[in-house]
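Q: Just protein_15.cif, nothing more (mmCIF, C-alpha atoms):
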```cif
data_final
#
loop_
_atom_site.group_PDB
_atom_site.id
_atom_site.type_symbol
_atom_site.label_atom_id
_atom_site.label_comp_id
_atom_site.auth_asym_id
_atom_site.auth_seq_id
_atom_site.Cartn_x
_atom_site.Cartn_y
_atom_site.Cartn_z
ATOM 1 C CA GLY N 4 -21.516 12.866 11.722
ATOM 2 C CA ILE N 5 -21.208 11.160 8.383
ATOM 3 C CA GLN N 6 -19.462 7.769 8.161
ATOM 4 C CA VAL N 7 -17.080 7.133 5.273
ATOM 5 C CA GLU N 8 -15.882 3.651 4.340
ATOM 6 C CA GLN N 9 -13.310 2.877 1.679
ATOM 7 C CA SER N 10 -12.574 -0.427 0.004
ATOM 8 C CA PRO N 11 -10.415 -2.298 -0.505
ATOM 9 C CA PRO N 12 -8.057 -1.276 2.321
ATOM 10 C CA ASP N 13 -5.035 -2.608 0.424
ATOM 11 C CA LEU N 14 -4.379 -3.224 -3.256
ATOM 12 C CA ILE N 15 -1.325 -4.585 -5.049
ATOM 13 C CA LEU N 16 -1.094 -4.310 -8.824
ATOM 14 C CA GLN N 17 1.323 -4.970 -11.640
ATOM 15 C CA GLU N 18 2.136 -1.975 -13.766
ATOM 16 C CA GLY N 19 -0.415 -1.628 -16.549
ATOM 17 C CA ALA N 20 -3.353 -3.080 -14.609
ATOM 18 C CA ASN N 21 -6.645 -1.287 -14.008
ATOM 19 C CA SER N 22 -8.361 -0.845 -10.657
ATOM 20 C CA THR N 23 -11.490 0.531 -9.012
ATOM 21 C CA LEU N 24 -11.527 2.063 -5.545
ATOM 22 C CA ARG N 25 -14.799 2.553 -3.726
ATOM 23 C CA CYS N 26 -15.997 5.104 -1.165
ATOM 24 C CA ASN N 27 -19.334 4.619 0.619
ATOM 25 C CA PHE N 28 -20.852 7.336 2.768
ATOM 26 C CA SER N 29 -23.675 7.103 5.256
ATOM 27 C CA ASP N 30 -25.629 10.276 4.491
ATOM 28 C CA SER N 31 -26.209 12.749 1.713
ATOM 29 C CA VAL N 32 -23.195 14.888 0.881
ATOM 30 C CA ASN N 33 -22.659 18.272 -0.698
ATOM 31 C CA ASN N 34 -18.893 17.913 -0.991
ATOM 32 C CA LEU N 35 -16.787 14.915 -1.961
ATOM 33 C CA GLN N 36 -13.130 14.855 -2.900
ATOM 34 C CA TRP N 37 -10.549 12.228 -3.784
ATOM 35 C CA PHE N 38 -6.915 12.707 -2.754
ATOM 36 C CA HIS N 39 -3.717 10.817 -3.408
ATOM 37 C CA GLN N 40 -1.167 10.804 -0.597
ATOM 38 C CA ASN N 41 2.171 10.031 -2.184
ATOM 39 C CA PRO N 42 4.986 8.122 -0.417
ATOM 40 C CA TRP N 43 6.420 11.458 0.770
ATOM 41 C CA GLY N 44 3.187 12.285 2.567
ATOM 42 C CA GLN N 45 1.971 15.026 0.252
ATOM 43 C CA LEU N 46 -1.799 15.215 -0.306
ATOM 44 C CA ILE N 47 -2.635 15.770 -3.953
ATOM 45 C CA ASN N 48 -6.099 16.792 -5.111
ATOM 46 C CA LEU N 49 -7.456 14.341 -7.668
ATOM 47 C CA PHE N 50 -11.126 15.185 -8.024
ATOM 48 C CA TYR N 51 -13.742 17.400 -6.494
ATOM 49 C CA ILE N 52 -16.851 15.393 -7.375
ATOM 50 C CA PRO N 53 -20.007 15.719 -5.238
ATOM 51 C CA SER N 54 -21.945 14.184 -8.141
ATOM 52 C CA GLY N 55 -21.462 13.022 -11.719
ATOM 53 C CA THR N 56 -18.373 11.828 -13.558
ATOM 54 C CA LYS N 57 -15.011 13.440 -14.236
ATOM 55 C CA GLN N 58 -11.900 12.295 -16.025
ATOM 56 C CA ASN N 59 -8.293 13.442 -15.836
ATOM 57 C CA GLY N 60 -5.913 11.411 -17.967
ATOM 58 C CA ARG N 61 -5.756 7.821 -16.717
ATOM 59 C CA LEU N 62 -7.924 8.624 -13.710
ATOM 60 C CA SER N 63 -11.658 9.075 -13.580
ATOM 61 C CA ALA N 64 -14.228 9.295 -10.818
ATOM 62 C CA THR N 65 -17.947 8.844 -10.512
ATOM 63 C CA THR N 66 -20.182 9.831 -7.619
ATOM 64 C CA VAL N 67 -23.751 8.556 -7.387
ATOM 65 C CA ALA N 68 -25.010 10.783 -4.606
ATOM 66 C CA THR N 69 -28.477 9.201 -4.449
ATOM 67 C CA GLU N 70 -26.899 5.797 -3.758
ATOM 68 C CA ARG N 71 -24.201 7.232 -1.469
ATOM 69 C CA TYR N 72 -21.049 6.039 -3.119
ATOM 70 C CA SER N 73 -18.156 7.237 -5.220
ATOM 71 C CA LEU N 74 -15.731 5.268 -7.382
ATOM 72 C CA LEU N 75 -12.200 6.127 -8.454
ATOM 73 C CA TYR N 76 -10.898 4.350 -11.552
ATOM 74 C CA ILE N 77 -7.202 4.029 -12.294
ATOM 75 C CA SER N 78 -6.344 2.688 -15.719
ATOM 76 C CA SER N 79 -2.954 1.482 -16.980
ATOM 77 C CA SER N 80 -1.458 1.905 -13.508
ATOM 78 C CA GLN N 81 2.102 3.156 -13.112
ATOM 79 C CA THR N 82 4.540 2.848 -10.209
ATOM 80 C CA THR N 83 4.036 6.551 -9.518
ATOM 81 C CA ASP N 84 0.392 5.776 -8.675
ATOM 82 C CA SER N 85 1.556 4.054 -5.480
ATOM 83 C CA GLY N 86 0.428 5.634 -2.225
ATOM 84 C CA VAL N 87 -2.787 5.989 -0.286
ATOM 85 C CA TYR N 88 -6.046 7.178 -1.827
ATOM 86 C CA PHE N 89 -8.481 8.990 0.414
ATOM 87 C CA CYS N 90 -12.007 10.139 -0.145
ATOM 88 C CA VAL N 91 -13.408 12.876 2.072
ATOM 89 C CA ALA N 92 -17.089 13.629 2.314
ATOM 90 C CA ARG N 93 -18.959 16.490 3.877
ATOM 91 C CA GLY N 94 -22.654 16.556 4.636
ATOM 92 C CA SER N 95 -24.149 19.189 6.886
ATOM 93 C CA TYR N 96 -21.325 19.133 9.403
ATOM 94 C CA ILE N 97 -17.563 18.722 9.194
ATOM 95 C CA PRO N 98 -15.586 16.945 6.469
ATOM 96 C CA THR N 99 -14.861 13.291 7.224
ATOM 97 C CA PHE N 100 -12.026 11.260 5.739
ATOM 98 C CA GLY N 101 -12.171 7.579 4.999
ATOM 99 C CA ARG N 102 -9.275 5.394 6.185
ATOM 100 C CA GLY N 103 -7.914 5.157 2.690
ATOM 101 C CA THR N 104 -6.901 2.506 0.164
ATOM 102 C CA SER N 105 -3.200 1.721 0.154
ATOM 103 C CA LEU N 106 -2.048 1.006 -3.412
ATOM 104 C CA ILE N 107 1.269 -0.548 -4.395
ATOM 105 C CA VAL N 108 2.099 -0.800 -8.092
ATOM 106 C CA HIS N 109 4.981 -3.114 -8.949
ATOM 107 C CA PRO N 110 7.046 -2.605 -12.115
ATOM 108 C CA ASN L 26 0.777 31.492 -5.712
ATOM 109 C CA ALA L 27 2.545 29.546 -2.964
ATOM 110 C CA GLY L 28 -0.786 27.918 -2.023
ATOM 111 C CA VAL L 29 -0.906 26.600 1.546
ATOM 112 C CA THR L 30 2.379 26.717 3.441
ATOM 113 C CA GLN L 31 3.227 25.202 6.811
ATOM 114 C CA THR L 32 6.180 25.616 9.146
ATOM 115 C CA PRO L 33 8.078 23.867 10.554
ATOM 116 C CA LYS L 34 8.293 20.646 8.521
ATOM 117 C CA PHE L 35 9.567 18.647 11.501
ATOM 118 C CA GLN L 36 9.499 19.285 15.250
ATOM 119 C CA VAL L 37 10.452 17.339 18.351
ATOM 120 C CA LEU L 38 9.028 18.450 21.692
ATOM 121 C CA LYS L 39 9.332 17.232 25.236
ATOM 122 C CA THR L 40 6.181 16.449 27.199
ATOM 123 C CA GLY L 41 4.743 19.634 28.677
ATOM 124 C CA GLN L 42 6.329 22.035 26.205
ATOM 125 C CA SER L 43 4.178 24.368 24.147
ATOM 126 C CA MET L 44 4.576 25.407 20.549
ATOM 127 C CA THR L 45 2.769 26.914 17.586
ATOM 128 C CA LEU L 46 2.436 25.341 14.158
ATOM 129 C CA GLN L 47 2.161 27.959 11.468
ATOM 130 C CA CYS L 48 -0.159 27.862 8.451
ATOM 131 C CA ALA L 49 -0.586 30.503 5.773
ATOM 132 C CA GLN L 50 -2.389 30.708 2.445
ATOM 133 C CA ASP L 51 -2.201 33.320 -0.277
ATOM 134 C CA MET L 52 -5.377 32.412 -2.180
ATOM 135 C CA ASN L 53 -7.704 34.704 -0.194
ATOM 136 C CA HIS L 54 -9.599 31.674 1.072
ATOM 137 C CA GLU L 55 -12.144 32.259 3.817
ATOM 138 C CA TYR L 56 -12.159 28.705 5.169
ATOM 139 C CA MET L 57 -9.110 27.177 6.863
ATOM 140 C CA SER L 58 -8.751 24.064 8.943
ATOM 141 C CA TRP L 59 -6.283 21.859 10.821
ATOM 142 C CA TYR L 60 -6.174 18.063 10.667
ATOM 143 C CA ARG L 61 -4.049 15.427 12.291
ATOM 144 C CA GLN L 62 -3.099 12.133 10.678
ATOM 145 C CA ASP L 63 -2.170 9.110 12.739
ATOM 146 C CA PRO L 64 -0.706 5.877 11.322
ATOM 147 C CA GLY L 65 -3.179 3.812 9.322
ATOM 148 C CA MET L 66 -5.908 6.399 9.611
ATOM 149 C CA GLY L 67 -7.407 9.136 7.587
ATOM 150 C CA LEU L 68 -7.195 12.740 8.651
ATOM 151 C CA ARG L 69 -9.267 13.992 11.576
ATOM 152 C CA LEU L 70 -10.410 17.584 11.922
ATOM 153 C CA ILE L 71 -9.022 19.497 14.921
ATOM 154 C CA HIS L 72 -10.284 23.065 14.470
ATOM 155 C CA TYR L 73 -11.574 25.165 11.610
ATOM 156 C CA SER L 74 -12.298 28.780 10.756
ATOM 157 C CA VAL L 75 -14.853 30.222 8.335
ATOM 158 C CA GLY L 76 -13.246 33.657 8.334
ATOM 159 C CA ALA L 77 -11.085 36.082 10.268
ATOM 160 C CA GLY L 78 -12.151 36.218 13.902
ATOM 161 C CA ILE L 79 -14.265 33.044 13.719
ATOM 162 C CA THR L 80 -13.106 29.604 14.826
ATOM 163 C CA ASP L 81 -14.835 26.389 15.846
ATOM 164 C CA GLN L 82 -13.995 22.912 17.072
ATOM 165 C CA GLY L 83 -13.718 19.852 14.931
ATOM 166 C CA GLU L 84 -13.661 16.193 15.869
ATOM 167 C CA VAL L 85 -10.528 16.158 18.080
ATOM 168 C CA PRO L 86 -9.992 19.676 19.547
ATOM 169 C CA ASN L 87 -8.705 18.833 23.044
ATOM 170 C CA GLY L 88 -5.185 20.079 23.755
ATOM 171 C CA TYR L 89 -5.142 22.554 20.859
ATOM 172 C CA ASN L 90 -5.965 26.229 20.469
ATOM 173 C CA VAL L 91 -6.426 28.286 17.322
ATOM 174 C CA SER L 92 -7.001 31.893 16.395
ATOM 175 C CA ARG L 93 -7.655 33.664 13.088
ATOM 176 C CA SER L 94 -6.654 37.308 13.208
ATOM 177 C CA THR L 95 -6.098 37.602 9.450
ATOM 178 C CA THR L 96 -7.504 35.869 6.377
ATOM 179 C CA GLU L 97 -4.058 34.529 5.488
ATOM 180 C CA ASP L 98 -2.891 32.921 8.751
ATOM 181 C CA PHE L 99 -4.300 30.181 10.953
ATOM 182 C CA PRO L 100 -1.810 29.060 13.633
ATOM 183 C CA LEU L 101 -2.344 25.946 15.759
ATOM 184 C CA ARG L 102 -1.098 26.055 19.347
ATOM 185 C CA LEU L 103 -0.247 23.049 21.467
ATOM 186 C CA LEU L 104 -0.681 24.212 25.031
ATOM 187 C CA SER L 105 1.147 21.416 26.883
ATOM 188 C CA ALA L 106 2.407 18.734 24.529
ATOM 189 C CA ALA L 107 1.665 15.090 25.272
ATOM 190 C CA PRO L 108 2.972 11.926 23.564
ATOM 191 C CA SER L 109 -0.569 11.319 22.259
ATOM 192 C CA GLN L 110 -0.131 14.433 20.118
ATOM 193 C CA THR L 111 2.662 12.800 18.134
ATOM 194 C CA SER L 112 1.235 12.956 14.643
ATOM 195 C CA VAL L 113 1.441 14.594 11.243
ATOM 196 C CA TYR L 114 -0.490 17.850 11.090
ATOM 197 C CA PHE L 115 -2.018 19.225 7.909
ATOM 198 C CA CYS L 116 -3.496 22.628 7.282
ATOM 199 C CA ALA L 117 -6.086 23.082 4.539
ATOM 200 C CA SER L 118 -8.032 25.916 2.971
ATOM 201 C CA SER L 119 -10.927 26.456 0.590
ATOM 202 C CA ILE L 120 -12.697 29.464 -0.852
ATOM 203 C CA ARG L 121 -15.548 29.035 1.600
ATOM 204 C CA GLN L 122 -16.994 26.329 3.790
ATOM 205 C CA GLY L 123 -19.263 23.822 2.112
ATOM 206 C CA THR L 124 -19.320 22.880 -1.525
ATOM 207 C CA TYR L 125 -15.783 23.924 -2.327
ATOM 208 C CA GLU L 126 -12.555 22.100 -3.017
ATOM 209 C CA GLN L 127 -9.983 21.920 -0.200
ATOM 210 C CA TYR L 128 -6.256 22.437 -0.727
ATOM 211 C CA PHE L 129 -3.714 20.990 1.694
ATOM 212 C CA GLY L 130 -0.331 22.143 2.910
ATOM 213 C CA PRO L 131 2.722 19.844 2.981
ATOM 214 C CA GLY L 132 2.303 18.864 6.622
ATOM 215 C CA THR L 133 4.275 19.136 9.871
ATOM 216 C CA ARG L 134 5.620 15.952 11.467
ATOM 217 C CA LEU L 135 5.542 16.379 15.260
ATOM 218 C CA THR L 136 7.091 14.005 17.773
ATOM 219 C CA VAL L 137 6.486 14.430 21.501
ATOM 220 C CA THR L 138 8.842 12.494 23.766
#
```
Spell out the structure here as C-alpha coordinates.
A:
Amino acid sequence: GIQVEQSPPDLILQEGANSTLRCNFSDSVNNLQWFHQNPWGQLINLFYIPSGTKQNGRLSATTVATERYSLLYISSSQTTDSGVYFCVARGSYIPTFGRGTSLIVHP
Amino acid sequence: NAGVTQTPKFQVLKTGQSMTLQCAQDMNHEYMSWYRQDPGMGLRLIHYSVGAGITDQGEVPNGYNVSRSTTEDFPLRLLSAAPSQTSVYFCASSIRQGTYEQYFGPGTRLTVT
(Lines of atoms letter the chains of each structure in order from A and count residues from 1; the text may use other names and numbers.)
(Lines give C-alpha, C1' and ligand atoms only; values in the text may rest on other atoms or scores of the structure.)
Protein backbone atom coordinates (compact mmCIF):
# COMPACT_ATOMS: atom_id res chain seq x y z
CA GLY A 1 0.00 0.00 0.00
CA ILE A 2 0.83 3.67 -0.04
CA GLN A 3 3.31 5.06 2.50
CA VAL A 4 2.53 8.38 4.18
CA GLU A 5 5.15 10.38 6.07
CA GLN A 6 4.48 13.56 8.01
CA SER A 7 6.95 16.13 9.24
CA PRO A 8 7.83 17.48 11.66
CA PRO A 9 6.63 14.93 14.24
CA ASP A 10 6.46 17.60 16.95
CA LEU A 11 6.10 21.37 16.82
CA ILE A 12 5.97 23.95 19.60
CA LEU A 13 4.92 27.51 18.80
CA GLN A 14 4.16 30.77 20.53
CA GLU A 15 0.72 32.15 19.88
CA GLY A 16 0.74 34.26 16.73
CA ALA A 17 3.45 32.29 14.92
CA ASN A 18 3.04 30.69 11.51
CA SER A 19 3.86 27.10 10.62
CA THR A 20 3.98 24.64 7.73
CA LEU A 21 3.24 20.94 8.11
CA ARG A 22 4.25 18.52 5.39
CA CYS A 23 2.80 15.21 4.18
CA ASN A 24 4.73 13.07 1.68
CA PHE A 25 3.16 10.06 0.01
CA SER A 26 4.81 7.27 -1.91
CA ASP A 27 2.41 6.84 -4.83
CA SER A 28 -0.20 8.73 -6.78
CA VAL A 29 -3.35 9.48 -4.82
CA ASN A 30 -6.95 10.19 -5.70
CA ASN A 31 -7.96 11.21 -2.19
CA LEU A 32 -6.11 13.28 0.39
CA GLN A 33 -7.48 14.82 3.55
CA TRP A 34 -6.11 16.78 6.49
CA PHE A 35 -7.60 16.30 9.96
CA HIS A 36 -7.08 17.97 13.30
CA GLN A 37 -7.40 15.74 16.36
CA ASN A 38 -8.13 18.02 19.28
CA PRO A 39 -7.00 17.33 22.87
CA TRP A 40 -10.33 15.58 23.51
CA GLY A 41 -9.65 13.10 20.73
CA GLN A 42 -12.20 14.37 18.23
CA LEU A 43 -11.19 14.21 14.56
CA ILE A 44 -12.11 17.38 12.72
CA ASN A 45 -12.09 17.62 8.94
CA LEU A 46 -9.86 20.45 7.77
CA PHE A 47 -9.45 19.94 4.04
CA TYR A 48 -10.30 17.46 1.36
CA ILE A 49 -7.56 18.29 -1.15
CA PRO A 50 -6.37 15.63 -3.63
CA SER A 51 -4.85 18.45 -5.69
CA GLY A 52 -4.63 22.24 -5.79
CA THR A 53 -4.94 24.83 -3.04
CA LYS A 54 -7.70 25.63 -0.58
CA GLN A 55 -8.05 28.16 2.19
CA ASN A 56 -10.30 28.30 5.23
CA GLY A 57 -9.65 31.27 7.50
CA ARG A 58 -6.16 31.04 9.00
CA LEU A 59 -5.59 27.60 7.51
CA SER A 60 -4.70 26.72 3.96
CA ALA A 61 -3.50 23.60 2.20
CA THR A 62 -1.76 22.78 -1.03
CA THR A 63 -1.35 19.39 -2.66
CA VAL A 64 1.09 18.89 -5.53
CA ALA A 65 0.00 15.45 -6.66
CA THR A 66 2.67 15.12 -9.36
CA GLU A 67 5.39 15.62 -6.74
CA ARG A 68 3.59 13.54 -4.10
CA TYR A 69 3.29 15.96 -1.25
CA SER A 70 0.80 18.14 0.56
CA LEU A 71 1.38 21.12 2.84
CA LEU A 72 -0.83 22.53 5.58
CA TYR A 73 -0.23 26.16 6.54
CA ILE A 74 -1.33 27.58 9.86
CA SER A 75 -1.05 31.33 10.20
CA SER A 76 -1.33 33.43 13.37
CA SER A 77 -1.57 30.27 15.49
CA GLN A 78 -3.86 30.18 18.51
CA THR A 79 -3.86 27.93 21.57
CA THR A 80 -6.96 26.22 20.20
CA ASP A 81 -4.85 24.99 17.27
CA SER A 82 -3.05 22.61 19.63
CA GLY A 83 -3.50 18.91 18.94
CA VAL A 84 -2.36 16.42 16.34
CA TYR A 85 -2.63 17.01 12.60
CA PHE A 86 -3.04 13.99 10.38
CA CYS A 87 -3.00 13.62 6.65
CA VAL A 88 -4.62 10.56 5.10
CA ALA A 89 -4.01 9.50 1.54
CA ARG A 90 -5.70 6.95 -0.63
CA GLY A 91 -4.36 5.57 -3.88
CA SER A 92 -5.84 2.49 -5.47
CA TYR A 93 -6.28 0.60 -2.22
CA ILE A 94 -7.22 1.55 1.32
CA PRO A 95 -6.78 4.95 2.99
CA THR A 96 -3.52 5.31 4.91
CA PHE A 97 -2.90 7.73 7.76
CA GLY A 98 0.39 9.37 8.51
CA ARG A 99 1.64 9.31 12.12
CA GLY A 100 0.73 12.93 12.58
CA THR A 101 2.34 16.19 13.67
CA SER A 102 1.80 17.04 17.31
CA LEU A 103 1.38 20.82 17.71
CA ILE A 104 1.49 22.73 20.98
CA VAL A 105 0.73 26.45 20.91
CA HIS A 106 1.72 28.36 24.03
CA PRO A 107 -0.06 31.59 25.01
CA ASN B 1 -28.08 15.54 10.85
CA ALA B 2 -26.37 13.74 13.73
CA GLY B 3 -23.55 12.70 11.36
CA VAL B 4 -21.62 9.63 12.52
CA THR B 5 -22.49 8.37 15.99
CA GLN B 6 -20.74 5.71 18.05
CA THR B 7 -21.69 3.89 21.23
CA PRO B 8 -20.46 3.33 23.85
CA LYS B 9 -17.95 6.14 24.48
CA PHE B 10 -15.98 4.05 26.98
CA GLN B 11 -15.83 0.31 27.66
CA VAL B 12 -13.77 -1.97 29.87
CA LEU B 13 -13.67 -5.67 29.06
CA LYS B 14 -11.98 -8.67 30.57
CA THR B 15 -9.81 -10.87 28.37
CA GLY B 16 -11.97 -13.35 26.48
CA GLN B 17 -15.19 -11.36 26.64
CA SER B 18 -16.99 -10.38 23.46
CA MET B 19 -18.77 -7.17 22.63
CA THR B 20 -20.11 -5.06 19.79
CA LEU B 21 -19.20 -1.45 19.09
CA GLN B 22 -22.03 0.38 17.41
CA CYS B 23 -21.72 2.87 14.55
CA ALA B 24 -24.51 4.66 12.72
CA GLN B 25 -24.72 7.45 10.17
CA ASP B 26 -27.71 9.39 8.91
CA MET B 27 -26.15 10.89 5.77
CA ASN B 28 -27.09 8.00 3.44
CA HIS B 29 -23.41 7.27 2.89
CA GLU B 30 -22.56 4.07 1.05
CA TYR B 31 -19.02 3.71 2.41
CA MET B 32 -18.33 3.02 6.09
CA SER B 33 -15.20 1.92 7.84
CA TRP B 34 -13.65 1.13 11.23
CA TYR B 35 -10.22 2.29 12.40
CA ARG B 36 -8.22 1.80 15.53
CA GLN B 37 -5.82 4.35 16.97
CA ASP B 38 -2.96 3.34 19.22
CA PRO B 39 -0.75 5.78 21.17
CA GLY B 40 1.61 7.79 18.99
CA MET B 41 0.22 6.37 15.79
CA GLY B 42 -2.17 7.33 13.10
CA LEU B 43 -5.36 5.41 12.51
CA ARG B 44 -5.25 1.95 10.95
CA LEU B 45 -8.10 0.49 8.93
CA ILE B 46 -9.76 -2.62 10.40
CA HIS B 47 -12.70 -3.34 8.08
CA TYR B 48 -14.74 -1.39 5.57
CA SER B 49 -17.98 -1.64 3.64
CA VAL B 50 -18.89 -0.16 0.26
CA GLY B 51 -22.61 -0.78 0.74
CA ALA B 52 -25.21 -2.88 2.51
CA GLY B 53 -24.27 -6.55 2.38
CA ILE B 54 -20.67 -5.91 1.31
CA THR B 55 -17.69 -5.86 3.66
CA ASP B 56 -13.94 -6.29 3.25
CA GLN B 57 -10.80 -6.41 5.34
CA GLY B 58 -8.48 -3.53 5.96
CA GLU B 59 -4.95 -3.46 7.31
CA VAL B 60 -5.57 -5.01 10.76
CA PRO B 61 -8.71 -7.23 10.60
CA ASN B 62 -7.71 -10.11 12.90
CA GLY B 63 -9.92 -10.50 15.96
CA TYR B 64 -12.77 -8.39 14.56
CA ASN B 65 -15.94 -9.12 12.63
CA VAL B 66 -18.28 -6.74 10.83
CA SER B 67 -21.58 -6.90 9.02
CA ARG B 68 -23.62 -4.33 7.08
CA SER B 69 -27.29 -5.22 6.97
CA THR B 70 -28.46 -1.64 6.47
CA THR B 71 -26.98 1.49 4.91
CA GLU B 72 -27.09 3.28 8.27
CA ASP B 73 -25.39 0.80 10.62
CA PHE B 74 -21.96 -0.82 10.67
CA PRO B 75 -21.27 -2.65 13.96
CA LEU B 76 -17.82 -3.95 14.90
CA ARG B 77 -17.66 -7.17 16.90
CA LEU B 78 -14.78 -8.25 19.09
CA LEU B 79 -15.02 -12.02 19.23
CA SER B 80 -12.72 -12.73 22.20
CA ALA B 81 -11.13 -9.58 23.56
CA ALA B 82 -7.38 -9.47 24.12
CA PRO B 83 -5.24 -6.79 25.83
CA SER B 84 -3.72 -6.00 22.41
CA GLN B 85 -7.15 -4.71 21.38
CA THR B 86 -6.98 -1.92 23.95
CA SER B 87 -7.30 1.11 21.72
CA VAL B 88 -9.52 3.95 20.59
CA TYR B 89 -11.89 2.92 17.82
CA PHE B 90 -13.24 5.32 15.22
CA CYS B 91 -15.99 4.77 12.70
CA ALA B 92 -16.04 6.82 9.50
CA SER B 93 -18.28 7.23 6.49
CA SER B 94 -18.25 8.86 3.07
CA ILE B 95 -20.69 9.14 0.20
CA ARG B 96 -18.85 6.43 -1.71
CA GLN B 97 -15.45 4.80 -1.71
CA GLY B 98 -12.68 6.66 -3.49
CA THR B 99 -12.49 10.35 -4.17
CA TYR B 100 -14.81 11.45 -1.40
CA GLU B 101 -14.37 13.14 1.94
CA GLN B 102 -14.54 10.95 5.07
CA TYR B 103 -16.39 11.96 8.23
CA PHE B 104 -15.47 10.47 11.60
CA GLY B 105 -17.45 9.60 14.69
CA PRO B 106 -16.37 10.65 18.20
CA GLY B 107 -14.63 7.38 19.00
CA THR B 108 -14.93 4.56 21.54
CA ARG B 109 -12.16 4.10 24.11
CA LEU B 110 -11.80 0.38 24.85
CA THR B 111 -9.67 -1.13 27.60
CA VAL B 112 -9.14 -4.88 27.84
CA THR B 113 -7.73 -6.12 31.14
Q: Can you work out the spacing between CA of Ser118 in chain L and CA of Cys90 in chain N in Å, to one decimal?
A: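 According to the coordinates, CA of Ser118 in chain L and CA of Cys90 in chain N are separated by 16.6 Å.
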Q: Please identify all polymer residues lying at most 6 Å from the point (-5.2, 8.8, 6.4) (file coordinates), using only C-alpha atoms, and present the result as a list in words.
A: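 Every polymer residue passing the test: Arg102 and Gly103 of chain N; Gln62, Met66, Gly67 and Leu68 of chain L.
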Q: Show which residues sit within 8 Å of Gln110 in chain L, as a list in words. Count only C-alpha atoms, and ignore same-chain residues fewer than 4 positions away.
A: Ala106, Leu135, Thr136 and Val137 of chain L
Q: For CA of Thr65 in chain N and CA of Leu49 in chain N, quote the distance in Å rounded to one decimal.
A: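 Separation of CA of Thr65 in chain N and CA of Leu49 in chain N: 12.2 Å.
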Q: Given the file shown, determine the residues that the PyMOL selection byres ((chain N and resi 81) around 7) selects; report them as a PyMOL selection string.
A: chain N and resi 18-19+79-80+82-84+108
Q: Which one is closest to Thr95 in chain L: L:Val29, L:Ala117, L:Ala107, L:Met57? Count only C-alpha atoms.
A: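 Ranking L:Val29, L:Ala117, L:Ala107, L:Met57 by distance to Thr95 in chain L, first place goes to L:Met57.
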Q: I need the chain L residues near chain N as a PyMOL selection string; criterion: at most 12 Å, counting only C-alpha atoms.
A: chain L and resi 29+34+58-75+81-85+113-117+119+121-134
Q: Show me, as AutoDock Vina command-line options, the centre and edge lengths in Å to one decimal of the axis-aligned box that covers every listed atom of range 89-96 of chain N with 3 Å on each side.
A:
```
--center_x -16.3 --center_y 14.1 --center_z 4.6 --size_x 21.7 --size_y 16.2 --size_z 15.5
```
Q: Starting from the PyMOL selection byres ((chain L and resi 78) around 6), expand the selection into actual residues of this file and give them as a list in words.
A: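 With the shown file as input, the PyMOL selection byres ((chain L and resi 78) around 6) matches Ala77, Ile79, Arg93 and Ser94 of chain L.
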Q: I would like the residues chosen by the PyMOL selection byres ((chain L and resi 97) around 8) on the shown file; could you give them as a list in words?
A: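 Selection result, ordered by chain and number: Ala49, Gln50, Asp51, Asn53, His54, Thr95, Thr96, Asp98 and Phe99 of chain L.
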Q: Separation of CA of Lys57 in chain N and CA of Leu75 in chain N, in Å?
A: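 Computing the Euclidean distance for CA of Lys57 in chain N and CA of Leu75 in chain N yields 9.7 Å.
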Q: Find, counting only C-alpha atoms, the residue in N:Gly55, N:Gly60, N:Pro42, N:Pro110 that gets nearest to Ala20 in chain N.
A: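 Going through N:Gly55, N:Gly60, N:Pro42, N:Pro110 one by one, the smallest distance to Ala20 in chain N is for N:Pro110.
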Q: Identify, on the basis of all atoms listed in the file, every residue whose closest approach to range 38-47 of chain L does not exceed 6 Å; exclude the query and any residue fewer than 4 positions from it along the same chain; express the result as a list of chain:residue names.
A: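 The residues satisfying every condition are L:Gln31, L:Thr32, L:Pro100, L:Leu101, L:Arg102, L:Leu103, L:Leu104, L:Ser105, L:Ala106, L:Ala107, L:Val137, L:Thr138.
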